[in-house]
Amino acid sequence: MAIYKNFFVLLLILILTLPNSSYAVLKIDITQGKSEPIRIATPAFVGPDSFNSSLGARITSVIDNNLNRSGLFNIVNKGSYIQNITGINTIPEFSGWKNIRSQALLIGYVESEGDGRIKVQFRLWDVLTGKQTLAKSFRATAQGWRRVGHLISDAIYEYLTGEKGYFDTRIVYVSETGDPRRKIKRLAIMDQDGANNIFLTSGRALVLTPRFDPTMQRLIYLSYRTRLPSVNIYNLSTGREEILGQLPGMSFAPRFSNDGTKAIFSISINGNSDIYSMDLATRRVKKLTSHPGIDTSPSYSPDDSQITFNSDREGTQQLYVMNADGSNVKRISYGNGRYATPVWSPRGDLIAFTKMAGGKFYIGVMKPDGSGERMLTSSYLDEGPTWSPNGRVIIFSRKTPGYGGMAGKTFLYSVDITGYNLRKIGTATEASDPAWSPLLSK
């Protein structure tokens, strides 16, 4: 099953050289704890006919949703717009846009080409200076209009924040349906905004903790399709599933290395769990920890030189960091409570984790040396953080408490690393165990 055939539709990107771009002053300082959102006006992209104008309106809606959900932008009420945008070369009436307190203005144009593709152009204007700051042109199939919206969102985000965006990405998760006592759990994948949801597995076997490889062509996850729970790999291009070799004992909590050459996971033998790595080319397995405690949930640093994991080797569940070969193990968590599911930020500056303390669950972050611990969320049950590819946003699963004999429900949420902008993510079913892909266009 070619999962990505409808998503990798971008055929050409043209970056236009702008003579006035050096004068732009409109930027967001996201080093602050909480940034004031930029007010941006986004008239619907127009076209030469109703078909293209309809596509343009849908592309604009994708951009609006992306920018708004980031928490860094405020889409100006479209009912207040005073200028009719008729084409990509429309010159903004800046006084009118200033009157509605717009700081930025996005203008776009969509037109069909003879080969069945569409060409989408946009211009970003700094309303305060009256200067054009960014312009790009994309060509794609007409079916790829949603992805064009994500690419434009990323371009605007990167220009105004100085960081890579995260909108042209996908999320894999575990879909949960059926009787709460015996839920059917399937692998599912969707765009980061919840669109284009696809179920990958049938639900006949329980699945947990799916993770992407850096090429986004494979998933690694825990499967119960055989008598003994095992680590499996799912090929997104072919739909083929395979068990990751004949491993001793029960294997679980898998991840790929960031260069895609290794898998790391835990193996439980006679009740004792240690961390192992596997060279995916040779399938050679190496034991990295050897301790009577339970060592699990390993995650590589971005350069694959270190590994963070959780262990109860000192009596309670805590976070540790070690070299990739298993040497130089150091404990990094010392707060109250228990710590689990650590995952290294793509930037390398933070480790996200689940914390259990005082009858609540938290999603938190700390530096790799254990300093700077901060809690971002708290609830009845928050767990399983995963990073956006730019290290700015964390997605996790949240379960609500049950009432009146009813079981609680589990859904996905996102939060900024500042602890602000908590949002529920739309999914086709209840959802848990999310993982965020790298950018589809690198």
# chains A, B, ... in the order shown; residues from 1 in each chain; ligands from 1
call {"tool": "select_by_dssp", "arguments": {"residues": "region 34-246 of chain A", "states": "helix (DSSP H, G or I)", "output": "PyMOL selection string"}}
result
chain A and resi 50-70+78-80+94-99+142-161+180-182
call {"tool": "residues_around", "arguments": {"residues": "Gly359 (chain A)", "least_positions_apart": "3", "cutoff": "12 Å", "atoms": "only C-alpha atoms", "output": "list in words"}}
result
Asn336, Gly337, Arg338, Lys355, Met356, Tyr362, Ser378, Ser379, Tyr380, Leu381 and Asp382 of chain A
call {"tool": "atom_distance", "arguments": {"atom1": "CA of Thr60 (chain A)", "atom2": "CA of His150 (chain A)"}}
result
9.9 Å
call {"tool": "residues_around", "arguments": {"residues": "Glu163 (chain A)", "least_positions_apart": "4", "cutoff": "12 Å", "atoms": "only C-alpha atoms", "output": "list in words"}}
result
Lys27, Ile28, Asp29, Ile30, Thr31, Asp154, Ala155, Ile156, Tyr157, Glu158, Tyr159, Arg347, Ser388, Pro389, Asn390, Gly391 and Arg392 of chain A
call {"tool": "select_by_dssp", "arguments": {"residues": "region 197-339 of chain A", "states": "strand (DSSP E)", "output": "PyMOL selection string"}}
result
chain A and resi 198-199+207-212+218-223+230-235+241-243+250-256+262-269+272-279+284-287+295-300+306-311+318-323+330-331+338-339
call {"tool": "residues_around", "arguments": {"residues": "Gln246 (chain A)", "least_positions_apart": "3", "cutoff": "12 Å", "atoms": "only C-alpha atoms", "output": "PyMOL selection string"}}
result
chain A and resi 226+228-232+242-243+249-251+267+278+283-285
call {"tool": "write_last_selection", "arguments": {"atoms": "C-alpha atoms", "output": "JSON list (two decimals), in the first residue's frame"}}
result
[["chain", "number", "residue", "atom", "x", "y", "z"],
["A", 226, "THR", "CA", 2.25, -13.68, 18.02],
["A", 228, "LEU", "CA", 5.08, -13.39, 22.65],
["A", 229, "PRO", "CA", 4.88, -9.57, 22.28],
["A", 230, "SER", "CA", 7.52, -8.48, 19.79],
["A", 231, "VAL", "CA", 8.97, -5.50, 17.95],
["A", 232, "ASN", "CA", 7.65, -5.17, 14.39],
["A", 242, "GLU", "CA", 7.71, -8.05, 9.67],
["A", 243, "ILE", "CA", 8.99, -9.12, 13.07],
["A", 249, "GLY", "CA", 12.25, -12.93, 25.68],
["A", 250, "MET", "CA", 9.62, -10.20, 25.27],
["A", 251, "SER", "CA", 10.75, -7.14, 23.30],
["A", 267, "ILE", "CA", 13.97, -7.08, 26.17],
["A", 278, "MET", "CA", 20.18, -3.82, 16.72],
["A", 283, "ARG", "CA", 20.44, -7.73, 12.48],
["A", 284, "ARG", "CA", 23.21, -8.09, 15.04],
["A", 285, "VAL", "CA", 21.94, -7.38, 18.59]]
